[in-house]
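Asks: Here you go, this is query.csv (CSV, C-alpha atoms).
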chain,number,residue,atom,x,y,z
A,15,MET,CA,35.9,84.6,124.4
A,16,GLY,CA,34.1,81.5,123.1
A,17,ALA,CA,34.2,78.3,125.1
A,18,CYS,CA,37.7,78.9,126.4
A,19,PRO,CA,38.3,82.5,127.7
A,20,HIS,CA,42.0,81.8,128.1
A,21,ALA,CA,42.4,80.8,124.4
A,22,TRP,CA,40.3,83.9,123.4
A,23,ARG,CA,42.5,86.2,125.4
A,24,HIS,CA,45.6,84.7,123.8
A,25,ASN,CA,44.0,85.4,120.4
A,26,LEU,CA,43.3,89.0,121.5
A,27,GLN,CA,47.0,89.4,122.5
A,28,HIS,CA,48.1,88.1,119.1
A,29,ARG,CA,45.7,90.5,117.3
A,30,GLY,CA,46.9,93.3,119.6
A,31,ARG,CA,50.5,92.8,118.4
A,32,MET,CA,49.4,93.1,114.8
A,33,TRP,CA,47.3,96.2,115.4
A,34,ALA,CA,49.5,98.1,117.8
A,35,ALA,CA,50.9,100.4,115.2
A,36,SER,CA,47.7,102.3,114.6
A,37,PRO,CA,45.7,104.4,117.1
A,38,ALA,CA,42.5,103.5,115.3
A,39,PHE,CA,43.2,99.8,115.8
A,40,ARG,CA,44.2,100.4,119.4
A,41,ARG,CA,40.7,101.8,120.0
A,42,GLN,CA,39.3,98.6,118.4
A,43,LEU,CA,41.5,96.5,120.6
A,44,PHE,CA,40.1,98.4,123.5
A,45,LEU,CA,36.6,97.1,122.6
A,46,LEU,CA,37.9,93.6,122.1
A,47,ARG,CA,39.7,93.5,125.4
A,48,SER,CA,36.6,94.9,127.0
A,49,LEU,CA,34.6,92.0,125.7
A,50,ALA,CA,37.1,89.4,126.8
A,51,PRO,CA,36.2,88.3,130.3
A,52,SER,CA,32.8,86.7,129.9
A,53,CYS,CA,29.7,87.8,128.1
A,54,THR,CA,29.2,91.1,126.3
A,55,CYS,CA,26.8,94.2,125.9
A,56,VAL,CA,18.5,86.9,134.3
A,57,SER,CA,10.4,81.6,144.1
A,58,GLY,CA,7.6,81.1,142.0
A,59,GLY,CA,7.9,77.6,140.8
A,60,ARG,CA,10.8,77.1,138.5
A,61,ALA,CA,10.3,75.7,135.0
A,62,SER,CA,11.5,72.2,134.2
A,63,SER,CA,14.6,71.6,132.2
A,64,SER,CA,12.6,70.5,129.2
A,65,SER,CA,10.5,73.7,129.2
A,66,LEU,CA,13.6,75.8,129.2
A,67,ARG,CA,15.1,73.9,126.3
A,68,VAL,CA,12.0,73.6,124.2
A,69,HIS,CA,10.1,76.8,124.7
A,70,ALA,CA,13.0,79.2,125.0
A,71,MET,CA,14.8,78.1,121.8
A,72,HIS,CA,12.7,77.1,118.8
A,73,ALA,CA,14.5,76.5,115.6
A,74,ALA,CA,13.1,78.5,112.7
A,75,ALA,CA,11.3,76.3,110.2
A,76,ALA,CA,10.3,77.6,106.8
A,77,GLY,CA,10.7,81.2,108.0
A,78,ALA,CA,8.5,80.8,111.1
A,79,VAL,CA,9.5,82.6,114.2
A,80,TYR,CA,8.1,81.2,117.5
A,81,GLU,CA,7.3,83.0,120.6
A,82,ALA,CA,9.6,82.3,123.5
A,83,ASP,CA,8.2,81.1,126.8
A,84,ALA,CA,9.8,84.1,128.3
A,85,GLU,CA,8.4,83.9,131.8
A,86,SER,CA,9.7,80.3,132.2
A,87,VAL,CA,13.1,81.5,131.1
A,88,VAL,CA,13.1,84.2,133.7
A,89,ARG,CA,12.0,81.9,136.5
A,90,ARG,CA,14.6,79.3,135.5
A,91,ILE,CA,17.7,81.5,135.2
A,92,THR,CA,17.1,84.0,138.0
A,93,PRO,CA,19.2,82.9,141.0
A,94,PRO,CA,17.3,82.5,144.3
A,95,LEU,CA,18.2,84.9,147.1
A,96,ASP,CA,20.5,83.1,149.5
A,97,ARG,CA,21.7,84.4,152.9
A,98,ALA,CA,25.0,82.5,152.4
A,99,ARG,CA,25.9,84.5,149.3
A,100,HIS,CA,28.4,87.3,149.5
A,101,LYS,CA,28.7,90.6,147.6
A,102,GLY,CA,29.3,90.1,143.9
A,103,GLN,CA,27.9,86.6,143.5
A,104,ALA,CA,24.7,87.9,142.0
A,105,GLY,CA,26.5,89.7,139.3
A,106,LYS,CA,29.2,92.3,138.6
A,107,ILE,CA,28.4,94.3,135.5
A,108,ALA,CA,30.5,96.9,133.7
A,109,VAL,CA,29.3,99.6,131.3
A,110,ILE,CA,31.8,101.2,128.9
A,111,GLY,CA,30.2,104.4,127.7
A,112,GLY,CA,29.4,108.0,128.5
A,113,CYS,CA,30.9,111.2,127.1
A,114,ARG,CA,30.5,114.9,127.6
A,115,GLU,CA,27.2,115.0,125.5
A,116,TYR,CA,25.7,111.7,126.6
A,117,THR,CA,25.6,110.9,130.3
A,118,GLY,CA,22.1,109.4,130.6
A,119,ALA,CA,22.7,106.2,128.5
A,120,PRO,CA,25.4,104.6,130.6
A,121,TYR,CA,23.6,105.5,133.7
A,122,PHE,CA,20.4,103.9,132.5
A,123,ALA,CA,22.2,100.7,131.5
A,124,ALA,CA,24.2,100.5,134.8
A,125,ILE,CA,21.4,101.3,137.1
A,126,SER,CA,19.0,98.9,135.3
A,127,ALA,CA,21.4,96.0,136.0
A,128,LEU,CA,21.3,96.9,139.7
A,129,LYS,CA,17.6,97.3,139.8
A,130,VAL,CA,17.2,93.8,138.2
A,131,GLY,CA,19.5,92.3,140.9
A,132,ALA,CA,23.2,92.7,140.1
A,133,ASP,CA,25.3,93.3,143.2
A,134,LEU,CA,27.8,95.7,141.6
A,135,SER,CA,27.6,98.0,138.6
A,136,HIS,CA,30.6,100.0,137.2
A,137,VAL,CA,30.7,102.7,134.5
A,138,PHE,CA,33.9,103.5,132.6
A,139,CYS,CA,33.4,106.9,131.0
A,140,THR,CA,35.2,110.1,130.0
A,141,LYS,CA,36.3,112.5,132.7
A,142,ASP,CA,33.7,115.1,131.7
A,143,ALA,CA,30.9,112.6,132.1
A,144,ALA,CA,32.1,111.1,135.4
A,145,THR,CA,30.9,113.7,137.8
A,146,VAL,CA,27.5,114.0,136.1
A,147,ILE,CA,27.0,110.2,136.2
A,148,LYS,CA,28.1,110.0,139.8
A,149,SER,CA,25.5,112.7,140.7
A,150,TYR,CA,22.7,110.6,139.3
A,151,SER,CA,23.3,107.8,141.9
A,152,PRO,CA,25.7,106.9,144.6
A,153,GLU,CA,25.1,103.2,143.8
A,154,LEU,CA,27.3,103.2,140.7
A,155,ILE,CA,31.1,102.9,140.7
A,156,VAL,CA,32.3,105.4,138.2
A,157,HIS,CA,35.8,105.3,136.5
A,158,PRO,CA,36.7,108.5,134.7
A,159,ILE,CA,39.4,107.1,132.5
A,160,LEU,CA,38.3,107.5,128.8
A,161,GLU,CA,39.2,110.5,126.8
A,162,GLU,CA,37.6,112.5,123.9
A,163,SER,CA,39.5,113.8,120.9
A,164,TYR,CA,39.2,117.4,121.9
A,165,SER,CA,41.4,116.8,125.0
A,166,VAL,CA,44.1,114.7,123.2
A,167,ARG,CA,46.7,116.1,120.9
A,168,ASP,CA,47.4,114.2,117.7
A,169,ASP,CA,50.9,113.4,118.9
A,170,GLU,CA,49.5,112.1,122.2
A,171,ARG,CA,46.9,109.7,120.9
A,172,GLU,CA,49.2,106.6,120.9
A,173,SER,CA,50.4,107.1,124.4
A,174,VAL,CA,46.9,108.0,125.8
A,175,SER,CA,45.4,105.0,124.1
A,176,SER,CA,48.0,102.8,125.8
A,177,ILE,CA,47.3,104.3,129.2
A,178,ILE,CA,43.6,103.8,128.8
A,179,LEU,CA,44.0,100.2,127.7
A,180,THR,CA,46.2,99.4,130.6
A,181,GLU,CA,43.8,100.9,133.1
A,182,VAL,CA,40.7,99.2,131.6
A,183,THR,CA,42.3,95.8,131.1
A,184,LYS,CA,43.2,95.4,134.7
A,185,TRP,CA,39.5,95.7,135.7
A,186,MET,CA,37.9,93.6,133.0
A,187,GLU,CA,38.4,90.1,134.3
A,188,ARG,CA,36.5,91.1,137.5
A,189,PHE,CA,33.2,91.3,135.6
A,190,ASP,CA,30.6,88.8,134.6
A,191,CYS,CA,29.4,90.8,131.6
A,192,ILE,CA,30.3,94.0,129.9
A,193,VAL,CA,28.1,96.5,128.0
A,194,VAL,CA,30.0,98.4,125.4
A,195,GLY,CA,28.6,101.6,123.7
A,196,PRO,CA,25.9,103.4,125.6
A,197,GLY,CA,26.6,107.2,125.3
A,198,LEU,CA,30.0,106.8,123.6
A,199,GLY,CA,28.8,108.9,120.6
A,200,ARG,CA,30.8,109.3,117.4
A,201,ASP,CA,33.9,111.0,118.7
A,202,SER,CA,36.8,109.7,116.7
A,203,PHE,CA,38.6,108.7,119.9
A,204,LEU,CA,35.7,106.8,121.3
A,205,LEU,CA,33.1,105.6,118.7
A,206,ASP,CA,29.8,104.1,119.6
A,207,GLY,CA,29.9,100.4,120.1
A,208,LEU,CA,27.6,99.2,117.3
A,209,PHE,CA,28.9,101.9,114.9
A,210,LEU,CA,32.4,100.6,115.5
A,211,VAL,CA,31.4,96.9,115.2
A,212,THR,CA,29.5,97.5,112.0
A,213,ASN,CA,32.6,99.0,110.4
A,214,ASN,CA,35.0,96.4,112.0
A,215,ILE,CA,33.1,93.1,112.1
A,216,SER,CA,36.2,91.2,113.0
A,217,LEU,CA,35.9,92.7,116.5
A,218,VAL,CA,33.1,90.2,117.4
A,219,GLU,CA,33.6,87.6,114.7
A,220,ASP,CA,33.3,84.0,116.0
A,221,ASN,CA,32.6,85.3,119.5
A,222,SER,CA,29.7,83.2,120.8
A,223,LEU,CA,29.4,85.2,123.9
A,224,ALA,CA,28.9,88.5,122.1
A,225,ILE,CA,25.4,90.1,121.8
A,226,LEU,CA,24.4,92.9,119.4
A,227,THR,CA,21.2,94.8,120.1
A,228,PRO,CA,20.6,97.0,117.0
A,229,ASN,CA,17.6,99.2,116.5
A,230,VAL,CA,16.0,99.4,113.0
A,231,TYR,CA,18.6,101.8,111.6
A,232,GLU,CA,21.6,100.1,113.1
A,233,TYR,CA,20.3,96.8,111.9
A,234,LYS,CA,19.9,98.2,108.3
A,235,ARG,CA,23.5,99.3,108.4
A,236,LEU,CA,24.7,96.0,109.7
A,237,VAL,CA,22.9,94.0,107.0
A,238,GLN,CA,24.2,96.3,104.3
A,239,LYS,CA,27.8,96.0,105.6
A,240,VAL,CA,27.8,92.2,106.2
A,241,LEU,CA,25.4,90.8,103.6
A,242,ASN,CA,25.8,93.6,101.0
A,243,CYS,CA,22.1,93.9,100.5
A,244,ASP,CA,19.0,95.7,101.9
A,245,VAL,CA,16.8,94.5,104.8
A,246,ASP,CA,14.4,91.8,103.5
A,247,GLU,CA,11.2,92.0,105.6
A,248,GLU,CA,9.5,89.2,103.7
A,249,ASN,CA,12.3,86.8,104.7
A,250,ALA,CA,13.3,88.5,107.9
A,251,SER,CA,14.1,85.4,110.1
A,252,GLU,CA,16.2,83.7,107.4
A,253,GLN,CA,18.1,87.0,106.8
A,254,LEU,CA,18.7,87.4,110.6
A,255,THR,CA,19.9,83.8,110.8
A,256,THR,CA,22.3,84.3,107.8
A,257,LEU,CA,23.6,87.5,109.3
A,258,CYS,CA,24.5,85.8,112.6
A,259,GLN,CA,26.2,83.0,110.7
A,260,LYS,CA,28.2,85.3,108.6
A,261,ILE,CA,29.5,87.1,111.7
A,262,GLY,CA,30.3,83.8,113.2
A,263,GLY,CA,27.7,82.8,115.8
A,264,VAL,CA,27.2,86.1,117.7
A,265,THR,CA,23.7,86.6,119.1
A,266,ILE,CA,21.7,89.4,117.6
A,267,MET,CA,18.5,90.9,119.1
A,268,LYS,CA,16.7,92.8,116.4
A,269,LYS,CA,14.7,95.3,118.4
A,270,GLY,CA,11.2,96.3,117.2
A,271,LYS,CA,7.5,95.7,117.8
A,272,ALA,CA,8.7,92.2,118.5
A,273,ASP,CA,12.3,91.6,119.6
A,274,VAL,CA,13.6,88.9,117.3
A,275,ILE,CA,16.6,87.0,118.6
A,276,SER,CA,19.0,84.6,116.8
A,277,ASP,CA,22.5,83.1,117.1
A,278,GLY,CA,22.5,81.7,113.6
A,279,LYS,CA,21.1,78.3,114.8
A,280,GLN,CA,17.7,79.2,116.1
A,281,VAL,CA,15.3,82.2,116.0
A,282,THR,CA,12.8,83.1,118.6
A,283,GLN,CA,11.0,86.3,119.6
A,284,VAL,CA,9.4,88.2,122.4
A,285,SER,CA,6.3,90.2,121.4
A,286,THR,CA,4.7,90.8,124.8
A,287,PHE,CA,3.1,94.3,124.5
A,288,GLY,CA,4.9,96.9,126.6
A,289,SER,CA,4.0,100.5,126.1
A,290,PRO,CA,3.1,102.8,123.2
A,291,ARG,CA,5.4,105.4,124.7
A,292,ARG,CA,8.7,105.4,122.9
A,293,CYS,CA,10.9,107.6,125.0
A,294,GLY,CA,14.6,107.5,124.5
A,295,GLY,CA,16.7,105.3,126.8
A,296,GLN,CA,14.8,102.1,126.7
A,297,GLY,CA,17.5,100.4,124.6
A,298,ASP,CA,19.9,101.3,127.4
A,299,ILE,CA,17.6,99.6,130.0
A,300,LEU,CA,17.5,96.6,127.7
A,301,SER,CA,21.3,96.4,127.4
A,302,GLY,CA,21.9,96.5,131.2
A,303,SER,CA,19.1,93.9,131.8
A,304,VAL,CA,20.3,91.6,129.1
A,305,ALA,CA,23.9,91.8,130.4
A,306,LEU,CA,22.8,90.6,133.8
A,307,PHE,CA,20.4,87.9,132.7
A,308,SER,CA,23.0,86.6,130.2
A,309,SER,CA,25.5,86.2,133.0
A,310,TRP,CA,22.9,84.6,135.2
A,311,ALA,CA,21.9,82.2,132.4
A,312,ARG,CA,25.6,81.3,131.7
A,313,HIS,CA,26.2,80.6,135.4
A,314,PHE,CA,23.0,78.5,135.6
A,315,LEU,CA,23.9,76.4,132.6
A,316,LEU,CA,27.5,75.9,133.6
A,317,SER,CA,26.5,74.7,137.1
A,318,ASN,CA,23.7,72.4,135.8
A,319,ASP,CA,24.6,68.8,135.2
A,320,GLN,CA,21.7,67.9,132.9
A,321,PRO,CA,23.0,67.1,129.4
A,322,THR,CA,19.8,68.4,127.8
A,323,GLU,CA,20.7,71.9,128.8
A,324,LYS,CA,24.3,71.9,127.6
A,325,SER,CA,23.3,72.9,124.0
A,326,VAL,CA,21.2,75.9,125.2
A,327,ASN,CA,22.8,79.3,124.4
A,328,PRO,CA,22.8,81.5,127.5
A,329,MET,CA,23.0,84.6,125.4
A,330,ILE,CA,19.6,83.7,123.8
A,331,LEU,CA,18.1,83.2,127.2
A,332,GLY,CA,19.5,86.5,128.5
A,333,CYS,CA,18.0,88.3,125.5
A,334,ILE,CA,14.6,86.7,126.1
A,335,ALA,CA,14.6,87.5,129.8
A,336,GLY,CA,15.8,91.1,129.3
A,337,SER,CA,13.3,91.8,126.5
A,338,LEU,CA,10.3,90.5,128.6
A,339,LEU,CA,11.3,92.4,131.7
A,340,LEU,CA,11.7,95.7,129.9
A,341,ARG,CA,8.3,95.3,128.2
A,342,LYS,CA,6.5,94.5,131.4
A,343,ALA,CA,8.2,97.4,133.2
A,344,ALA,CA,7.3,99.8,130.4
A,345,GLY,CA,3.7,98.6,130.5
A,346,LEU,CA,3.4,99.2,134.3
A,347,ALA,CA,5.1,102.7,134.0
A,348,PHE,CA,2.7,103.7,131.2
A,349,GLU,CA,-0.3,102.6,133.3
A,350,LYS,CA,0.7,105.1,135.9
A,351,LYS,CA,2.3,108.0,133.9
A,352,LYS,CA,0.7,107.7,130.4
A,353,ARG,CA,2.1,110.3,128.0
A,354,SER,CA,4.5,111.6,130.6
A,355,THR,CA,6.4,108.3,131.0
A,356,VAL,CA,10.1,108.6,130.7
A,357,THR,CA,13.0,106.1,131.1
A,358,THR,CA,13.5,106.7,134.8
A,359,ASP,CA,9.8,105.8,135.4
A,360,ILE,CA,10.4,102.4,133.6
A,361,ILE,CA,13.5,101.7,135.6
A,362,GLU,CA,11.5,102.0,138.8
A,363,PHE,CA,9.2,99.2,137.7
A,364,LEU,CA,12.0,96.7,136.8
A,365,GLY,CA,12.0,95.3,140.3
A,366,LYS,CA,8.2,94.8,140.5
A,367,SER,CA,8.1,93.3,137.0
A,368,LEU,CA,10.7,90.6,138.1
A,369,GLU,CA,8.9,90.1,141.4
A,370,ASP,CA,5.6,89.5,139.6
A,371,ILE,CA,7.3,86.7,137.5
A,372,CYS,CA,9.7,85.3,140.0
A,373,PRO,CA,8.9,86.2,143.7
A,374,ALA,CA,12.0,86.6,145.9
A,375,GLU,CA,10.4,84.8,148.9
A,376,GLN,CA,8.8,81.4,148.4
Please go through the file and, once you have read it, give me the structure as structure tokens.
Replies:
Amino acid sequence: MGACPHAWRHNLQHRGRMWAASPAFRRQLFLLRSLAPSCTCVSGGRASSSSLRVHAMHAAAAGAVYEADAESVVRRITPPLDRARHKGQAGKIAVIGGCREYTGAPYFAAISALKVGADLSHVFCTKDAATVIKSYSPELIVHPILEESYSVRDDERESVSSIILTEVTKWMERFDCIVVGPGLGRDSFLLDGLFLVTNNISLVEDNSLAILTPNVYEYKRLVQKVLNCDVDEENASEQLTTLCQKIGGVTIMKKGKADVISDGKQVTQVSTFGSPRRCGGQGDILSGSVALFSSWARHFLLSNDQPTEKSVNPMILGCIAGSLLLRKAAGLAFEKKKRSTVTTDIIEFLGKSLEDICPAEQ
């Protein structure tokens, strides 16, 4: 990707020719091509341009991490509802994930994008997962085209990989943002997105439109792989900045008590309290929300003529907005459900959380 999608796709094609001999590399190329179209894996008075630039993206000084003015970011990048718009203009999101064992994760990511305000949400999953995911909601467009290793003979892997790549590639340029990984698991023919990237950093290297959202364990493995050291909590912001720089300017959201976000140039965080309930699936809500907000932020910045906003990274803004919305929705769900709060409860409060910050009707 980068600033010129056409140049990036040319680079992908070049890499593809080099890697074509190996099934493993063809699976890696699948991830690369999936990321190619746009960004990977946003009315109450809108903030001024200066507030977006200054409060959303503070440079880390002497290890300090500044709190993002997250509500201003949400208000600024969320597009107003317009009767003149047609289907698809508010966002087309794809989720690549879902296998026989894990059907919830891709559903959570895809439906969250819709609940935040995307017009269309697609899921590309294995055939075994497709019917299950379709049964969760008729709102999702489900493509049962991925395969797991148990259903593919060794002598078929090359040809099956080629068929999958062809089918997926013809869809990818239709989307504004793509989420790779929810529910892919560790099957050798699929491989979880962050697990694959950690072991093949070149897949996202120098890709300024890629976002990684590791949890504490995934972040530890990423640091060990890229920086060849352990996580340094005393110098956490500097280490995160160095990690982003080493990978080549990707944006990383280090999830935790505070979500710390960097692209190698600046570090900011969102620490709004959400919920003490840590049910599984919240990371999938986050990935779907961040995907949509990032595409909204990118569209907003590309269509804005003010030079002060040209240096703003839309991926940073998408992470800030997605983090805040999840935390607010989790808080509202916990107020109502307490210990019984589950991921579907949180998803139901995404709309209200956005409405509280950025009302649809002004």
Asks: Near stretch 94-108 of chain A, within 6 Å and counting only C-alpha atoms, which residues show up once chain neighbours fewer than 5 positions away are dropped, as a VMD selection string?
Replies: chain A and resid 132 to 137 189 to 192
Asks: In the coordinates of the file, take the point (13.8, 85.1, 115.1) and a cut-off of 6 Å; then, counting all atoms listed in the file, name each qualifying protein, DNA or RNA residue as a ChimeraX atom specification.
Replies: /A:79,251,274-276,281-283
Asks: Tell me, in Å to one decimal, how far atom CA of A:Asn318 is from atom CA of A:Cys333.
Replies: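 Going from atom CA of A:Asn318 over to atom CA of A:Cys333, I get 19.8 Å.
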Asks: Enter the distance from atom CA of A:Gly197 to atom CA of A:Lys141, in Å, rounded to one decimal.
Replies: 13.3 Å
Asks: Using only C-alpha atoms, determine which residues lie at most 6 Å from stretch 303-317 of chain A, disregarding the query and same-chain residues fewer than 5 positions distant; provide the list as an MDAnalysis selection string.
Replies: chainID A and resid 55:56 91 127 190:191 328:329 332:333 336
Asks: One decimal, in Å: what's the spacing between atom CA of A:Ser216 and atom CA of A:Leu254?
Replies: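 Separating atom CA of A:Ser216 from atom CA of A:Leu254 is a distance of 18.1 Å.
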Asks: Write out as number ranges by chain which residues come within 12 Å of A:Asp246 when counting all atoms listed in the file, dropping same-chain ones fewer than 4 positions away.
Replies: A: 233-234, 237-238, 241-242, 250-254, 256-257
Asks: Quick one: of A:Ile225, A:Gly288, A:Arg89, A:Gly278, who's nearest to A:Ile266, counting all atoms listed in the file?
Replies: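 For A:Ile266, the nearest of the given residues is A:Ile225.
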Asks: Please provide the set of residues having any atom within 10 Å of stretch 152-160 of chain A, restricted to all atoms listed in the file, with same-chain residues fewer than 3 positions apart removed, written as a PyMOL selection string.
Replies: chain A and resi 108-113+121+124-125+128+133-145+147-149+174-175+177-179+181-182+198+203-204
